[in-house]
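Novice: So I've got this file, work_5.cif, and it contains mmCIF, C-alpha atoms (C1' of nucleotides):
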data_data
#
loop_
_atom_site.label_atom_id
_atom_site.label_comp_id
_atom_site.auth_asym_id
_atom_site.auth_seq_id
_atom_site.Cartn_x
_atom_site.Cartn_y
_atom_site.Cartn_z
CA MET A 1 38.88 -6.28 -6.61
CA THR A 2 39.47 -2.99 -8.39
CA ARG A 3 36.76 -0.40 -8.73
CA ASP A 4 36.28 -1.31 -12.41
CA GLN A 5 35.93 -4.96 -11.61
CA ALA A 6 33.42 -4.13 -8.91
CA ALA A 7 31.47 -2.02 -11.39
CA ASP A 8 31.50 -4.88 -13.94
CA ASP A 9 30.29 -7.24 -11.30
CA ALA A 10 27.55 -4.83 -10.30
CA GLU A 11 26.51 -4.52 -13.94
CA GLN A 12 26.29 -8.28 -14.32
CA ARG A 13 24.18 -8.62 -11.23
CA LEU A 14 21.84 -5.89 -12.43
CA ARG A 15 21.40 -7.56 -15.84
CA ALA A 16 20.91 -10.95 -14.22
CA ALA A 17 18.09 -9.46 -12.20
CA GLY A 18 16.53 -7.99 -15.35
CA LEU A 19 17.25 -4.42 -14.34
CA ARG A 20 18.55 -1.58 -16.46
CA VAL A 21 22.14 -0.67 -15.88
CA THR A 22 22.48 2.92 -14.78
CA ARG A 23 25.22 4.88 -13.15
CA PRO A 24 23.41 5.42 -9.86
CA ARG A 25 22.66 1.70 -9.61
CA THR A 26 26.18 0.46 -10.23
CA ALA A 27 27.40 3.22 -7.95
CA VAL A 28 25.14 2.12 -5.10
CA LEU A 29 26.07 -1.54 -5.50
CA THR A 30 29.76 -0.71 -5.57
CA ALA A 31 29.47 1.59 -2.58
CA LEU A 32 27.61 -1.09 -0.63
CA ARG A 33 30.32 -3.61 -1.40
CA GLU A 34 32.89 -1.23 0.04
CA HIS A 35 30.78 -0.16 3.00
CA PRO A 36 28.66 -2.99 4.36
CA HIS A 37 25.83 -1.94 6.70
CA ALA A 38 25.97 1.64 5.42
CA ASP A 39 22.95 3.84 6.02
CA THR A 40 21.32 5.90 3.29
CA ASP A 41 23.27 9.01 4.15
CA ALA A 42 26.59 7.21 3.95
CA ILE A 43 25.60 5.59 0.67
CA ILE A 44 24.67 8.95 -0.82
CA GLY A 45 28.01 10.33 0.29
CA ALA A 46 30.00 7.42 -1.09
CA VAL A 47 28.15 7.48 -4.42
CA ARG A 48 28.70 11.21 -4.85
CA THR A 49 32.37 10.92 -3.99
CA ALA A 50 32.92 8.14 -6.49
CA TYR A 51 30.62 9.11 -9.34
CA GLY A 52 29.66 12.75 -8.98
CA PRO A 53 26.31 14.37 -8.27
CA VAL A 54 23.36 12.04 -7.68
CA SER A 55 20.10 13.11 -6.10
CA HIS A 56 19.13 11.63 -2.77
CA GLN A 57 15.82 10.60 -4.29
CA ALA A 58 17.63 8.53 -6.92
CA VAL A 59 19.49 6.70 -4.18
CA TYR A 60 16.26 6.02 -2.30
CA ASP A 61 14.64 4.73 -5.50
CA VAL A 62 17.65 2.58 -6.34
CA LEU A 63 17.73 1.11 -2.86
CA ARG A 64 14.06 0.26 -3.07
CA VAL A 65 14.46 -1.42 -6.46
CA LEU A 66 17.52 -3.36 -5.37
CA THR A 67 15.83 -4.42 -2.15
CA ASP A 68 12.66 -5.51 -3.97
CA THR A 69 14.64 -7.60 -6.44
CA GLY A 70 16.74 -9.11 -3.70
CA LEU A 71 20.09 -7.71 -4.78
CA VAL A 72 20.54 -5.95 -1.47
CA ARG A 73 19.13 -6.57 1.96
CA ARG A 74 17.74 -3.91 4.19
CA ILE A 75 18.24 -4.12 7.93
CA GLN A 76 16.93 -1.79 10.57
CA PRO A 77 18.02 -2.38 14.14
CA THR A 78 15.69 -0.78 16.67
CA GLY A 79 16.55 2.87 17.13
CA SER A 80 18.66 3.04 14.03
CA VAL A 81 17.95 4.24 10.53
CA ALA A 82 17.78 1.76 7.66
CA ARG A 83 21.06 0.11 6.67
CA TYR A 84 21.84 -1.95 3.62
CA GLU A 85 24.17 -4.75 2.63
CA VAL A 86 24.97 -6.77 -0.49
CA ARG A 87 25.37 -10.06 1.33
CA VAL A 88 22.04 -11.70 0.58
CA GLY A 89 20.53 -15.14 0.38
CA ASP A 90 22.12 -16.74 3.42
CA ASN A 91 19.81 -15.18 6.00
CA HIS A 92 22.69 -14.37 8.29
CA HIS A 93 22.18 -12.26 11.38
CA HIS A 94 23.74 -9.21 12.99
CA VAL A 95 25.33 -8.19 16.24
CA VAL A 96 24.94 -4.56 17.15
CA CYS A 97 26.75 -2.73 19.90
CA ARG A 98 24.11 -0.86 21.84
CA ARG A 99 26.53 1.88 22.75
CA CYS A 100 28.58 2.64 19.64
CA GLY A 101 26.46 1.18 16.86
CA THR A 102 29.14 -1.12 15.51
CA ILE A 103 27.60 -3.88 13.40
CA ALA A 104 29.00 -7.28 12.53
CA ASP A 105 27.64 -10.25 10.62
CA VAL A 106 27.14 -13.55 12.39
CA ASP A 107 26.02 -16.94 11.24
CA CYS A 108 23.45 -18.47 13.52
CA ALA A 109 24.51 -21.53 15.44
CA VAL A 110 21.34 -23.39 14.63
CA GLY A 111 21.95 -24.00 10.93
CA ASP A 112 21.05 -22.74 7.51
CA THR A 113 17.45 -21.78 8.20
CA PRO A 114 17.88 -20.54 11.72
CA CYS A 115 15.00 -19.72 13.97
CA LEU A 116 12.45 -20.23 11.21
CA THR A 117 10.79 -22.76 13.46
CA ALA A 118 9.05 -21.08 16.34
CA SER A 119 7.57 -23.21 19.09
CA ASP A 120 4.11 -22.16 17.98
CA ASP A 121 3.74 -20.43 14.65
CA GLN A 122 0.46 -18.75 15.69
CA GLY A 123 -1.06 -19.33 12.27
CA PHE A 124 1.74 -17.63 10.37
CA GLU A 125 3.72 -19.15 7.54
CA ILE A 126 7.16 -17.99 8.56
CA ASP A 127 9.59 -17.53 5.68
CA GLU A 128 12.17 -15.13 7.02
CA ALA A 129 13.82 -14.32 10.32
CA GLU A 130 15.36 -11.02 11.27
CA VAL A 131 17.69 -11.59 14.15
CA VAL A 132 19.55 -8.75 15.80
CA LEU A 133 21.78 -9.56 18.73
CA LEU A 134 22.58 -6.72 21.11
CA GLY A 135 25.34 -6.09 23.56
CA PRO A 136 28.56 -4.19 24.08
CA VAL A 137 31.46 -4.83 21.74
CA LEU A 138 34.53 -5.81 23.72
CA GLN A 139 37.42 -5.57 21.33
CA LEU A 140 36.99 -3.41 18.25
CA GLN A 141 38.11 -5.28 15.17
CA HIS A 142 39.21 -3.70 11.97
CA HIS A 143 36.82 -5.41 9.61
CA LEU A 144 33.75 -4.28 11.51
CA THR A 145 31.55 -1.48 10.34
CA HIS A 146 31.63 1.25 12.90
CA HIS A 147 28.76 3.69 13.07
CA PRO A 148 29.18 6.23 15.84
CA PRO A 149 25.82 7.49 17.08
CA ARG A 150 25.03 10.99 15.94
CA LYS A 151 23.91 12.25 19.32
CA GLU A 152 24.47 11.22 22.89
CA SER A 153 20.78 10.65 23.38
CA HIS A 154 20.59 8.14 20.59
CA ALA A 155 18.73 4.96 21.39
CA TRP A 156 21.64 2.53 21.06
CA MET B 1 -9.29 -7.55 35.38
CA THR B 2 -11.33 -4.38 35.71
CA ARG B 3 -9.98 -1.04 34.71
CA ASP B 4 -9.51 -0.05 38.37
CA GLN B 5 -7.61 -3.23 39.11
CA ALA B 6 -5.45 -2.63 36.08
CA ALA B 7 -4.76 0.90 37.29
CA ASP B 8 -3.86 -0.40 40.77
CA ASP B 9 -1.54 -2.92 39.22
CA ALA B 10 0.05 -0.23 37.08
CA GLU B 11 0.55 1.93 40.17
CA GLN B 12 2.23 -0.90 42.02
CA ARG B 13 4.58 -1.57 39.17
CA LEU B 14 5.47 2.11 38.93
CA ARG B 15 6.23 2.31 42.65
CA ALA B 16 8.21 -0.92 42.54
CA ALA B 17 10.36 0.62 39.82
CA GLY B 18 10.89 3.73 41.95
CA LEU B 19 8.88 5.96 39.63
CA ARG B 20 6.34 8.60 40.54
CA VAL B 21 2.75 7.65 39.96
CA THR B 22 1.08 10.01 37.53
CA ARG B 23 -2.05 9.81 35.48
CA PRO B 24 -0.32 9.65 32.10
CA ARG B 25 1.89 6.82 33.33
CA THR B 26 -0.85 4.62 34.72
CA ALA B 27 -2.89 5.44 31.64
CA VAL B 28 -0.11 4.31 29.30
CA LEU B 29 0.49 1.11 31.24
CA THR B 30 -3.20 0.31 31.30
CA ALA B 31 -3.59 1.08 27.61
CA LEU B 32 -0.65 -1.15 26.78
CA ARG B 33 -2.13 -4.00 28.76
CA GLU B 34 -5.31 -3.71 26.71
CA HIS B 35 -3.55 -3.16 23.38
CA PRO B 36 -0.34 -5.17 23.12
CA HIS B 37 2.01 -4.11 20.29
CA ALA B 38 0.31 -0.73 20.01
CA ASP B 39 2.19 2.05 18.28
CA THR B 40 2.57 5.54 19.76
CA ASP B 41 -0.40 6.89 17.88
CA ALA B 42 -2.68 4.14 19.12
CA ILE B 43 -1.42 4.58 22.67
CA ILE B 44 -2.09 8.31 22.56
CA GLY B 45 -5.58 7.61 21.29
CA ALA B 46 -6.33 4.99 23.93
CA VAL B 47 -4.98 7.14 26.74
CA ARG B 48 -7.05 10.13 25.66
CA THR B 49 -10.18 8.04 25.32
CA ALA B 50 -9.77 6.57 28.78
CA TYR B 51 -8.36 9.48 30.75
CA GLY B 52 -8.95 12.69 28.86
CA PRO B 53 -6.50 15.09 27.28
CA VAL B 54 -2.82 14.16 27.45
CA SER B 55 -0.15 15.72 25.30
CA HIS B 56 1.62 13.54 22.77
CA GLN B 57 4.90 14.69 24.25
CA ALA B 58 3.89 13.33 27.64
CA VAL B 59 3.20 9.95 26.08
CA TYR B 60 6.58 9.96 24.35
CA ASP B 61 8.28 10.89 27.62
CA VAL B 62 6.37 8.25 29.55
CA LEU B 63 7.20 5.59 26.99
CA ARG B 64 10.87 6.48 27.20
CA VAL B 65 10.89 6.35 31.00
CA LEU B 66 9.01 3.06 31.07
CA THR B 67 11.28 1.57 28.43
CA ASP B 68 14.41 2.74 30.24
CA THR B 69 13.24 1.23 33.52
CA GLY B 70 12.22 -2.00 31.84
CA LEU B 71 8.50 -1.79 32.56
CA VAL B 72 7.69 -1.87 28.88
CA ARG B 73 9.54 -3.23 25.90
CA ARG B 74 9.92 -1.38 22.64
CA ILE B 75 9.91 -3.28 19.38
CA GLN B 76 10.37 -1.90 15.91
CA PRO B 77 9.93 -4.32 13.03
CA THR B 78 11.60 -3.15 9.83
CA GLY B 79 9.42 -0.70 7.99
CA SER B 80 7.15 -0.12 10.95
CA VAL B 81 6.98 2.58 13.58
CA ALA B 82 7.88 1.82 17.18
CA ARG B 83 5.52 -0.45 19.05
CA TYR B 84 5.35 -1.22 22.75
CA GLU B 85 4.28 -4.05 25.00
CA VAL B 86 4.09 -4.75 28.73
CA ARG B 87 5.23 -8.34 28.47
CA VAL B 88 8.86 -8.03 29.51
CA GLY B 89 11.61 -10.14 30.97
CA ASP B 90 11.07 -13.35 29.04
CA ASN B 91 12.77 -12.21 25.83
CA HIS B 92 10.02 -13.63 23.67
CA HIS B 93 9.93 -12.98 19.95
CA HIS B 94 7.43 -11.76 17.39
CA VAL B 95 5.87 -12.94 14.18
CA VAL B 96 4.86 -10.17 11.82
CA CYS B 97 2.72 -10.55 8.73
CA ARG B 98 4.55 -8.79 5.96
CA ARG B 99 1.33 -7.86 4.23
CA CYS B 100 -1.12 -6.79 6.91
CA GLY B 101 1.15 -5.97 9.84
CA THR B 102 -0.51 -8.35 12.27
CA ILE B 103 1.80 -9.13 15.17
CA ALA B 104 1.82 -12.13 17.49
CA ASP B 105 4.08 -13.22 20.33
CA VAL B 106 6.01 -16.45 20.05
CA ASP B 107 8.28 -18.29 22.40
CA CYS B 108 11.44 -19.46 20.77
CA ALA B 109 11.83 -23.20 20.40
CA VAL B 110 15.39 -23.09 21.64
CA GLY B 111 14.75 -22.30 25.28
CA ASP B 112 14.75 -19.48 27.76
CA THR B 113 17.70 -17.55 26.42
CA PRO B 114 17.15 -18.20 22.76
CA CYS B 115 19.66 -17.32 20.10
CA LEU B 116 21.92 -15.56 22.57
CA THR B 117 24.65 -17.89 21.43
CA ALA B 118 25.85 -17.01 17.96
CA SER B 119 28.30 -19.29 16.22
CA ASP B 120 30.95 -16.59 16.48
CA ASP B 121 30.29 -13.66 18.75
CA GLN B 122 32.72 -11.40 16.82
CA GLY B 123 34.01 -9.85 20.02
CA PHE B 124 30.60 -8.79 21.28
CA GLU B 125 29.14 -9.67 24.65
CA ILE B 126 25.63 -10.52 23.55
CA ASP B 127 22.96 -9.92 26.19
CA GLU B 128 19.78 -9.53 24.19
CA ALA B 129 18.26 -10.89 21.01
CA GLU B 130 15.65 -9.18 18.91
CA VAL B 131 14.02 -11.78 16.75
CA VAL B 132 11.32 -10.89 14.27
CA LEU B 133 9.88 -13.66 12.15
CA LEU B 134 8.23 -12.66 8.91
CA GLY B 135 5.67 -14.26 6.69
CA PRO B 136 2.01 -14.21 5.73
CA VAL B 137 -0.57 -14.92 8.39
CA LEU B 138 -2.81 -17.78 7.30
CA GLN B 139 -5.77 -17.71 9.64
CA LEU B 140 -6.50 -14.52 11.51
CA GLN B 141 -7.06 -15.22 15.16
CA HIS B 142 -8.97 -13.04 17.52
CA HIS B 143 -6.32 -12.55 20.12
CA LEU B 144 -3.80 -11.18 17.64
CA THR B 145 -3.03 -7.52 17.35
CA HIS B 146 -3.97 -6.40 13.91
CA HIS B 147 -2.30 -3.31 12.48
CA PRO B 148 -3.47 -2.56 8.95
CA PRO B 149 -0.84 -0.63 7.02
CA ARG B 150 -1.75 2.96 6.51
CA LYS B 151 -0.94 3.00 2.82
CA GLU B 152 -0.64 0.40 0.11
CA SER B 153 2.97 1.30 -0.47
CA HIS B 154 3.94 0.50 3.07
CA ALA B 155 7.07 -1.57 3.46
CA TRP B 156 5.45 -4.62 5.02
"C1'" DG C 1 23.50 5.12 -35.89
"C1'" DT C 2 18.98 7.07 -34.64
"C1'" DC C 3 14.22 6.73 -33.35
"C1'" DG C 4 10.72 5.82 -30.07
"C1'" DT C 5 9.14 3.85 -25.95
"C1'" DT C 6 9.73 2.88 -21.37
"C1'" DT C 7 12.05 3.37 -17.31
"C1'" DT C 8 14.78 6.11 -14.35
"C1'" DC C 9 16.64 10.43 -12.40
"C1'" DT C 10 16.21 15.44 -10.87
"C1'" DT C 11 14.08 18.99 -8.45
"C1'" DG C 12 11.66 20.58 -4.80
"C1'" DA C 13 7.94 20.34 -1.76
"C1'" DC C 14 5.77 17.61 1.75
"C1'" DT C 15 4.51 14.02 5.54
"C1'" DT C 16 5.33 11.50 9.43
"C1'" DG C 17 7.45 10.03 13.58
"C1'" DT C 18 10.06 11.81 16.97
"C1'" DT C 19 12.77 15.19 19.74
"C1'" DC C 20 13.98 19.82 21.89
"C1'" DA C 21 13.16 23.69 25.04
"C1'" DA C 22 10.96 26.60 28.41
"C1'" DG C 23 7.74 27.27 31.58
"C1'" DA C 24 3.50 25.50 34.28
"C1'" DA C 25 1.69 21.92 37.05
"C1'" DG C 26 1.86 17.91 39.96
"C1'" DA C 27 4.00 14.25 43.19
"C1'" DG C 28 5.94 13.11 47.30
"C1'" DA C 29 9.09 14.26 51.53
"C1'" DC C 30 9.01 16.85 55.52
"C1'" DG D 1 0.74 23.01 54.11
"C1'" DT D 2 4.97 24.00 52.01
"C1'" DC D 3 9.05 23.10 49.45
"C1'" DT D 4 11.71 20.80 46.01
"C1'" DC D 5 12.26 18.05 42.29
"C1'" DT D 6 10.22 15.72 38.60
"C1'" DT D 7 6.90 15.51 35.08
"C1'" DC D 8 3.56 17.48 31.82
"C1'" DT D 9 2.00 21.11 28.38
"C1'" DT D 10 2.73 23.92 24.57
"C1'" DG D 11 4.64 24.80 20.44
"C1'" DA D 12 8.43 24.70 17.48
"C1'" DA D 13 11.98 22.04 15.20
"C1'" DC D 14 14.27 18.10 13.06
"C1'" DA D 15 15.42 14.00 10.29
"C1'" DA D 16 14.26 10.18 7.44
"C1'" DG D 17 11.74 9.11 3.98
"C1'" DT D 18 7.94 9.86 0.33
"C1'" DC D 19 5.21 12.18 -3.47
"C1'" DA D 20 4.69 14.31 -7.95
"C1'" DA D 21 5.84 16.22 -12.41
"C1'" DG D 22 8.84 16.85 -15.85
"C1'" DA D 23 13.68 16.01 -17.93
"C1'" DA D 24 16.93 12.66 -19.18
"C1'" DA D 25 18.82 8.25 -20.07
"C1'" DA D 26 18.68 3.13 -21.35
"C1'" DC D 27 17.90 -0.10 -24.72
"C1'" DG D 28 15.29 -2.66 -28.35
"C1'" DA D 29 13.77 -2.06 -33.22
"C1'" DC D 30 14.75 -0.38 -37.43
#
I need this file expressed as structure tokens, please.
Specialist:
Amino acid sequence: MTRDQAADDAEQRLRAAGLRVTRPRTAVLTALREHPHADTDAIIGAVRTAYGPVSHQAVYDVLRVLTDTGLVRRIQPTGSVARYEVRVGDNHHHVVCRRCGTIADVDCAVGDTPCLTASDDQGFEIDEAEVVLLGPVLQLQHHLTHHPPRKESHAW
Amino acid sequence: MTRDQAADDAEQRLRAAGLRVTRPRTAVLTALREHPHADTDAIIGAVRTAYGPVSHQAVYDVLRVLTDTGLVRRIQPTGSVARYEVRVGDNHHHVVCRRCGTIADVDCAVGDTPCLTASDDQGFEIDEAEVVLLGPVLQLQHHLTHHPPRKESHAW
DNA sequence: GTCGTTTTCTTGACTTGTTCAAGAAGAGAC
DNA sequence: GTCTCTTCTTGAACAAGTCAAGAAAACGAC
């Protein structure tokens, strides 16, 4: 998909969700398509590279709006900053390398609504499951999103 | 269990882990036993109430040491600050009310090593699963840890 | 096209949770 | 008791994210 096609697609998704189409919004959606699991900083960088100056506040606002309307999904593995992705609706899960921060998508083995049935729901009406699997990555694959930790002391 | 017994138990666990026994450490362990899923702020408060002045830095250091040695487990539901608990080793999961922040423990229905088997491990050697189930709490039970969000705009 | 309303973006300061660094105090071995 | 190493105190710093007020842009109505 070319950049223009991606922008068209982003525009359509924004309109379908009843949102105004603005440059920062299409830019964020396009950037997220190109960089799955990107954190806010990376998104800001990508948006500025592709579309010119955009304030960090605008990106934060856009991410909140897109998350609230369900166009993007926010994930936040323990010890990491917030990350975002455009793959939504299938409630898939994530594997995170504790050491290097690499993230990959995984489908749960249990089925389409995985882990939504706890043994005892404790009086909660469970409607969503956040599942983060942890462990070292053995072979680094090209399609994975690699996020090197910023400091040695990082809590990966 | 009385407070003294709890302190004795905390001391034993510290020694068993090869750690020095200090007042801040027993205080944190005891506080965590009384307040499961407490955040750092609550822990600092509880420790100071029970044992007198302790620096916040000491509590952060203690929590890191205890987490690193496996005596406590750190959890961090999306949009929340870090929380800690003394129930470790069984890899249980959590239900979180998106609105009010109430947290409860749940055992996974799948078994002792739940969800450690993804459909495709993507080249990762998975050794831990963080599972957070989300949804509104229906009836508030007394044994649950209730954490009202600080502000209306909180990302519960 | 352009006008007006509503929503969004910019600018810049601020809060909060957490970490860093240096020296003082405490724990445990001898 | 003394010595050594670890831990705690103090106080500053940092990073991610939020708040607030005004400027600018989107888009429906004309």
Novice: In the coordinate frame of the file, compute which residues have an atom within 6 Å of (20.5, 7.2, -15.5) when using all atoms listed in the file, and state them as a list in words.
Specialist: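 Taken together, the residues in range are Thr22 and Arg23 of chain A; DT8 and DC9 of chain C; DA25 of chain D.
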Novice: For the contact check between chain C and chain A, emit one row per residue of chain C within 12 Å, containing the shortest atom pair and the distance in Å rounded to one decimal, counting only C-alpha atoms (C1' of nucleotides), chain then rising number order, as a Markdown table.
Specialist:
| residue | atom | partner | partner_atom | distance |
| --- | --- | --- | --- | --- |
| C:DT6 | C1' | A:Arg20 | CA | 11.0 |
| C:DT7 | C1' | A:Arg20 | CA | 8.2 |
| C:DT8 | C1' | A:Ala58 | CA | 8.3 |
| C:DC9 | C1' | A:Ala58 | CA | 5.9 |
| C:DT10 | C1' | A:Ser55 | CA | 6.6 |
| C:DT11 | C1' | A:Ser55 | CA | 8.7 |
| C:DG12 | C1' | A:Gln57 | CA | 10.8 |
| C:DT18 | C1' | A:Gly79 | CA | 11.0 |
| C:DT19 | C1' | A:Ser153 | CA | 9.9 |
| C:DC20 | C1' | A:Ser153 | CA | 11.5 |
Novice: Check every residue of chain D for an atom within 9 Å of chain B, counting all atoms listed in the file, and provide those that qualify as number ranges by chain.
Specialist: D: 6-10
Novice: Can you translate the PyMOL selection byres ((chain D and resi 28) around 12) into the concrete residues it hits in this file, as a PyMOL selection string?
Specialist: (chain C and resi 3-6) or (chain D and resi 26-27+29-30)
Novice: When you count all atoms listed in the file, which of these residues is closest to chain A: B:Cys100, B:Val95, B:Leu32, B:Val21?
Specialist: B:Val95
Novice: Report the distance between atom CA of B:Gly135 and atom CA of A:Glu128 in Å, rounded to one decimal place.
Specialist: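 Between atom CA of B:Gly135 and atom CA of A:Glu128 the gap works out to 6.6 Å.
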Novice: I'd like the contact shell of D:DA20 - 10 Å cut-off, all atoms listed in the file, skipping same-chain residues fewer than 2 positions apart - returned as a ChimeraX atom specification.
Specialist: /C:12-13 /D:18,22
Novice: Give as a list in words the residues that the PyMOL selection byres ((chain C and resi 21) around 10) matches when applied to the coordinates above.
Specialist: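 Evaluating the PyMOL selection byres ((chain C and resi 21) around 10) on these coordinates yields DC20, DA22 and DG23 of chain C; DG11 and DA12 of chain D.
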Novice: May I ask for the distance between atom CA of B:Val72 and atom CA of B:Thr26, given in Å to one decimal place?
Specialist: 12.2 Å
Novice: Fewer than 6 positions away in the same chain doesn't count, so skip those; otherwise give me all residues within 8 Å of stretch 73-84 of chain B, counting all atoms listed in the file, as JSON, numbers by chain.
Specialist: {"A": [75, 76, 77, 78, 79], "B": [32, 36, 37, 38, 39, 40, 67, 96, 132, 154, 155, 156], "C": [17]}
Novice: Give me, as number ranges by chain, all polymer residues having an atom no more than 12 Å from B:Tyr51, counting all atoms listed in the file and skipping those fewer than 5 positions away in the same chain.
Specialist: B: 3, 7, 22-28, 30-31, 43-46
Novice: Would you compute the distance between atom CA of B:Ala129 and atom CA of B:Asn91? Give it in Å to one decimal.
Specialist: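 Taking atom CA of B:Ala129 as the start and atom CA of B:Asn91 as the end point, the length is 7.4 Å.
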Novice: Taking every listed atom of stretch 44-57 of chain B and adding 5 Å to each side, what centre and edge lengths in Å (one decimal) does the axis-aligned box have, as lines of an AutoDock Vina configuration file?
Specialist:
center_x = -2.6
center_y = 10.4
center_z = 26.0
size_x = 25.1
size_y = 20.7
size_z = 19.5
Novice: Mind dumping stretch 1-13 of chain C from that block, keeping N, CA and C atoms (P, O5', C5', C4', C3', O3' and C1' of nucleotides), as a JSON list (two decimals), in the first residue's frame?
Specialist:
[["chain", "number", "residue", "atom", "x", "y", "z"],
["C", 1, "DG", "P", -15.07, 27.44, -5.19],
["C", 1, "DG", "O5'", -15.11, 28.63, -4.15],
["C", 1, "DG", "C5'", -14.90, 29.89, -4.72],
["C", 1, "DG", "C4'", -15.78, 30.90, -4.02],
["C", 1, "DG", "C3'", -15.21, 31.35, -2.68],
["C", 1, "DG", "O3'", -15.64, 32.69, -2.48],
["C", 1, "DG", "C1'", -17.30, 30.31, -2.32],
["C", 2, "DT", "P", -14.85, 33.76, -1.64],
["C", 2, "DT", "O5'", -15.68, 33.75, -0.26],
["C", 2, "DT", "C5'", -16.92, 34.45, -0.18],
["C", 2, "DT", "C4'", -17.50, 34.23, 1.21],
["C", 2, "DT", "C3'", -16.44, 34.16, 2.31],
["C", 2, "DT", "O3'", -16.90, 34.63, 3.57],
["C", 2, "DT", "C1'", -17.72, 32.25, 2.36],
["C", 3, "DC", "P", -17.40, 36.09, 3.92],
["C", 3, "DC", "O5'", -18.48, 35.75, 5.05],
["C", 3, "DC", "C5'", -19.76, 35.27, 4.70],
["C", 3, "DC", "C4'", -20.35, 34.53, 5.87],
["C", 3, "DC", "C3'", -19.73, 34.87, 7.22],
["C", 3, "DC", "O3'", -20.81, 35.12, 8.14],
["C", 3, "DC", "C1'", -19.69, 32.52, 6.87],
["C", 4, "DG", "P", -20.54, 35.59, 9.62],
["C", 4, "DG", "O5'", -20.81, 34.22, 10.40],
["C", 4, "DG", "C5'", -22.00, 33.49, 10.12],
["C", 4, "DG", "C4'", -22.07, 32.27, 11.02],
["C", 4, "DG", "C3'", -21.58, 32.51, 12.45],
["C", 4, "DG", "O3'", -22.43, 31.78, 13.33],
["C", 4, "DG", "C1'", -20.25, 30.81, 11.42],
["C", 5, "DT", "P", -22.32, 31.90, 14.86],
["C", 5, "DT", "O5'", -22.05, 30.36, 15.24],
["C", 5, "DT", "C5'", -22.86, 29.35, 14.64],
["C", 5, "DT", "C4'", -22.23, 27.99, 14.82],
["C", 5, "DT", "C3'", -21.76, 27.68, 16.25],
["C", 5, "DT", "O3'", -22.22, 26.39, 16.59],
["C", 5, "DT", "C1'", -20.01, 27.28, 14.71],
["C", 6, "DT", "P", -22.24, 25.90, 18.08],
["C", 6, "DT", "O5'", -21.21, 24.69, 17.98],
["C", 6, "DT", "C5'", -21.29, 23.79, 16.86],
["C", 6, "DT", "C4'", -19.98, 23.05, 16.70],
["C", 6, "DT", "C3'", -19.36, 22.57, 18.02],
["C", 6, "DT", "O3'", -19.14, 21.17, 17.90],
["C", 6, "DT", "C1'", -17.74, 23.64, 16.67],
["C", 7, "DT", "P", -18.69, 20.28, 19.08],
["C", 7, "DT", "O5'", -17.25, 19.82, 18.57],
["C", 7, "DT", "C5'", -17.11, 19.38, 17.24],
["C", 7, "DT", "C4'", -15.67, 19.47, 16.83],
["C", 7, "DT", "C3'", -14.68, 18.78, 17.78],
["C", 7, "DT", "O3'", -13.99, 17.82, 17.02],
["C", 7, "DT", "C1'", -13.92, 20.94, 17.18],
["C", 8, "DT", "P", -12.88, 16.94, 17.63],
["C", 8, "DT", "O5'", -11.56, 17.75, 17.27],
["C", 8, "DT", "C5'", -11.28, 18.01, 15.90],
["C", 8, "DT", "C4'", -10.02, 18.82, 15.78],
["C", 8, "DT", "C3'", -8.79, 18.25, 16.50],
["C", 8, "DT", "O3'", -7.72, 18.32, 15.58],
["C", 8, "DT", "C1'", -9.07, 20.49, 17.09],
["C", 9, "DC", "P", -6.36, 17.65, 15.88],
["C", 9, "DC", "O5'", -5.42, 18.92, 16.06],
["C", 9, "DC", "C5'", -5.20, 19.76, 14.94],
["C", 9, "DC", "C4'", -4.34, 20.95, 15.35],
["C", 9, "DC", "C3'", -3.02, 20.56, 16.02],
["C", 9, "DC", "O3'", -1.97, 21.26, 15.34],
["C", 9, "DC", "C1'", -4.24, 22.08, 17.39],
["C", 10, "DT", "P", -0.50, 21.23, 15.89],
["C", 10, "DT", "O5'", -0.42, 22.56, 16.77],
["C", 10, "DT", "C5'", -0.56, 23.83, 16.14],
["C", 10, "DT", "C4'", -0.12, 24.94, 17.07],
["C", 10, "DT", "C3'", 1.26, 24.73, 17.72],
["C", 10, "DT", "O3'", 1.96, 25.96, 17.65],
["C", 10, "DT", "C1'", -0.40, 25.04, 19.41],
["C", 11, "DT", "P", 3.51, 26.04, 17.92],
["C", 11, "DT", "O5'", 3.58, 26.76, 19.35],
["C", 11, "DT", "C5'", 2.63, 27.76, 19.67],
["C", 11, "DT", "C4'", 2.65, 28.05, 21.16],
["C", 11, "DT", "C3'", 3.96, 27.74, 21.88],
["C", 11, "DT", "O3'", 4.37, 28.91, 22.55],
["C", 11, "DT", "C1'", 2.12, 26.83, 23.07],
["C", 12, "DG", "P", 5.80, 29.06, 23.20],
["C", 12, "DG", "O5'", 5.49, 28.67, 24.72],
["C", 12, "DG", "C5'", 4.50, 29.38, 25.44],
["C", 12, "DG", "C4'", 4.24, 28.70, 26.76],
["C", 12, "DG", "C3'", 5.52, 28.17, 27.44],
["C", 12, "DG", "O3'", 5.42, 28.45, 28.82],
["C", 12, "DG", "C1'", 3.93, 26.50, 27.35],
["C", 13, "DA", "P", 6.66, 28.43, 29.81],
["C", 13, "DA", "O5'", 5.91, 28.29, 31.21],
["C", 13, "DA", "C5'", 4.59, 28.81, 31.33],
["C", 13, "DA", "C4'", 3.73, 27.82, 32.11],
["C", 13, "DA", "C3'", 4.42, 27.24, 33.36],
["C", 13, "DA", "O3'", 3.53, 27.32, 34.44],
["C", 13, "DA", "C1'", 3.55, 25.50, 32.04]]
